[in-house]
Every structure is written in structure tokens, then in C-alpha cells.
Amino acid sequence: IPSLNRTFSYSTYQYNIQNTFDYVGDNFENYLTIGSQTADQTRLTERSHSGTHPRGRDVQTGVFAQNEFIWDDKLTLIAGARIDRQWLKSIGITPERRQEDTAFSPKLAAHYKLTDNFAVFGSYAHTERTPSLDEVFDTGALNTRLNKEKSDNYELGFAVSLNDLAMPGDALNFKATGFYNDVSEMIVDNGQTANPRYTNTGLAEIYGTELELAYDSDYVFANAAYSMVRGESKITGRPLNTVAPDELSLTLGGRIPDRDLSFGWTGRFVAAQDRVNGLPNTRVATPGFATHDIFLTWKPQEGPLKNLEANLRVENLFDKQYREFLEGTPAMGRTF
């Protein structure tokens with residue numbers, strides 16, 4: 001249908017520079033990194049304005065500094081901060097609209113090895129996210145000004161490392177992390193039919209846990225990862241519509257060292273996401289699903305092909321019909 005045809009284009013320039021100053025003493029190491037990043041993107045469509053893909057220019061530049069201090073190979077302290085400046089300008093909207101914002105994001109993290117096998121870690125970070133072109137210049141958002149999104153993020157966890165368990169040289173690693181994000185001025189999508197489409201909802205909280213387990217040896221390897229995230233408005237008590245469902249990922253594989261081959265299976269088990277607030281113009285729930293992949297890798301360790309790596313992978317082996325949460329169309333089927 002000619003009226004539905006649409007052409008999009010992006011033009012992006014990026015500039016990055018950074019340097020690390022290191023100083024090493026008898027029982028400590030210190031690494032100070034400073035730098036700057038700039039991105040300049042212009043986005044166009046064949047129409048003067050597209051409500052779901054607005055035209056505009058987004059220029060963002062930031063400076064950052066981070067200091068990492070390691071004492072006696074046991075204690076690691078990381079402190080950093082970043083300042084970003086954003087300029088947004090509409091294209092094809094009359095009158096022309098502009099918006100500017102400045103974001104400041106500091107952080108502090110610590111990691112301490114109580115023993116060679118057990119460590120604890122934690123961090124605090126304040127992050128600020130400026131609105132995007134879509135959120136500011138969407139046709140359903142032109143009559144409002146969005147504030148930048150702010151979040152205070154807390155993280156605590158521990159890690160366990162064990163060696164020489166079932167055979168010489170093998171290793172087992174486990175990490176558990178809990179986090180809590182206190183969000184203010186959260187930017188939410190109220191749906192294409194809402195006016196305004198994007199708004200700052202006020203206060204929200206996102207929290208959860210992540211578990212990781214990995215085993216590695218000369219002939220067998222395996223890993224597992226589980227994530228559980230919850231999010232809700234602190235004003236209405238309703239769940240947030242953009243929080244990922246619970247997910248378990250498993251990988252089991254083997255190696256044939258004499259042939260430089262590794263092979264295995266990966267499975268994703270994603271729970272149903274029915275924690276939606278039920279209001280009009282919001283995302284709909286999605287059912288759970290499971291997918292299975294298989295892979296084979298050949299990576300010669302010596303000879304004329306030493307630096308070659310060849311991979312064969314079949315994704316969604318059983319051609320499962322499913323849809324990722326927040327996606328409007330089904331995911332890909334069996335893929336070689």
C-alpha cells in the first residue's frame with residue numbers, strides 16, 4: 001500500500017577520547033581514567049513528520065572521571081562521576097522546538113576479598129537520564145516538557161570461587177546480587193492513542209535479584225543465570241509495564257581438546273509477564289516460553305589456522321512461536 005511506505009535515515013557522528021593514569025606501589029595500585037564522549041545524530045523520514053518516528057537532531061556530550069584503587073589485592077574501591085549535556089532540536093515541526101538538559105551521575109563501589117574463595121561487594125550510583133527524541137517530539141507529547149529521569153541505585157552481593165573440585169584445574173564460581181532502584185520523574189509510555197503519550201509519572205521503585213553459577217574444566221563447562229525483577233509505582237501501587245519477566249538461562253557444553261572443538265546446548269526459560277497495570281493504552285501481558293539453541297565451535301590452537309574461529313549455531317531449534325515482552329511482533333523462528 002503506497003500510503004504506508006516509509007523511509008527512515010540516520011546520520012551519526014561520534015567522538016571519544018580517554019586516558020588512564022596508573023600508579024603502582026608496593027601493596028597498592030591506582031588507576032585514574034578521564035575522558036569525554038560526544039554523539040551527534042540526525043534522524044529523518046520521508047514525511048515532514050511521523051508521530052511514531054519524529055524527525056530531529058540529538059547532540060549529547062559528556063565528560064567523566066573514574067578512580068580505581070586496589071589495596072593488597074583484597075580491597076577495591078571505585079569512585080566516579082559523569083556530566084552530560086544534551087541538545088534536542090525538532091525537524092519538520094512548526095514552530096521549531098528545542099530542549100536542553102544537563103545530567104550528573106556519580107557512583108561509588110567497593111569489592112572486598114574476605115578469603116581467596118569468598119568476596120563481598122556493594123555500590124551506590126545516582127543516575128540521570130535525559131529524554132530521547134521519541135519522547136520529546138512525538139505528536140502526542142508536543143504540548144508538554146519532559147523532565148529528566150532520576151534514580152538512586154543500590155547493590156549488594158557476594159561471590160564464591162572454588163577450584164580443583166571434580167578434577168585438577170576445574171573451577172566453580174557463584175555470584176548473588178540484590179539491587180534496589182528508587183526512581184523519580186520516571187518517563188513512561190502511555191500508548192500511541194494517549195495525549196500526551198509520554199509523561200513523568202513521579203515516584204517508582206525497581207528491585208530484584210540476579211544469580212549466576214558457572215563451572216569450567218578441560219572437558220566440560222556449564223553455566224546458569226537467573227534474574228527476577230519487580231517494579232511498581234510508589235504513588236498508585238500498580239506494577240510498571242516495562243519490567244522484564246523472570247528468566248532462567250542454562251548452558252551445558254563439552255570440549256574435545258585434541259580436535260579444538262567445543263559444543264553444547266543453551267536454553268532460555270522465560271516466565272509469563274502478567275504484572276501489568278491494566279490501564280488503557282498500556283502494554284499487554286505475554287505468556288511464558290522456552291527456547292533451545294545448539295552450537296559447535298572450532299578454534300585451532302596451533303598450526304597455520306591458529307587465529308581462525310569457526311562457529312555453527314542453530315537458534316530456536318524447535319521453531320517455537322513466541323513473543324518477547326514489549327515487542328509488538330513474534331520473535332524469529334528456527335535460525336541457522
# chains A, B, ... in the order shown; residues from 1 in each chain; ligands from 1

$ select_by_dssp --residues "stretch 20-200 of chain A" --states "strand (DSSP E)" --output "ChimeraX atom specification"
/A:20-24,28-45,56-71,75-90,98-113,118-129,149-163,171-184,187-189,198-200

$ residues_around --residues "stretch 160-167 of chain A" --least-positions-apart "4" --cutoff "6 Å" --atoms "only C-alpha atoms" --output "list in words"
Asn117, Phe118, Ala171, Leu172, Asn173 and Phe174 of chain A

$ closest_residue --among "A:Ala331, A:Leu317, A:Val120, A:Leu248" --to "A:Phe295" --atoms "only C-alpha atoms"
A:Leu317

$ atom_distance --atom1 "atom CA of A:Arg55" --atom2 "atom CA of A:Phe8"
9.3 Å

$ atom_distance --atom1 "atom CA of A:Ala79" --atom2 "atom CA of A:Ala39"
24.5 Å
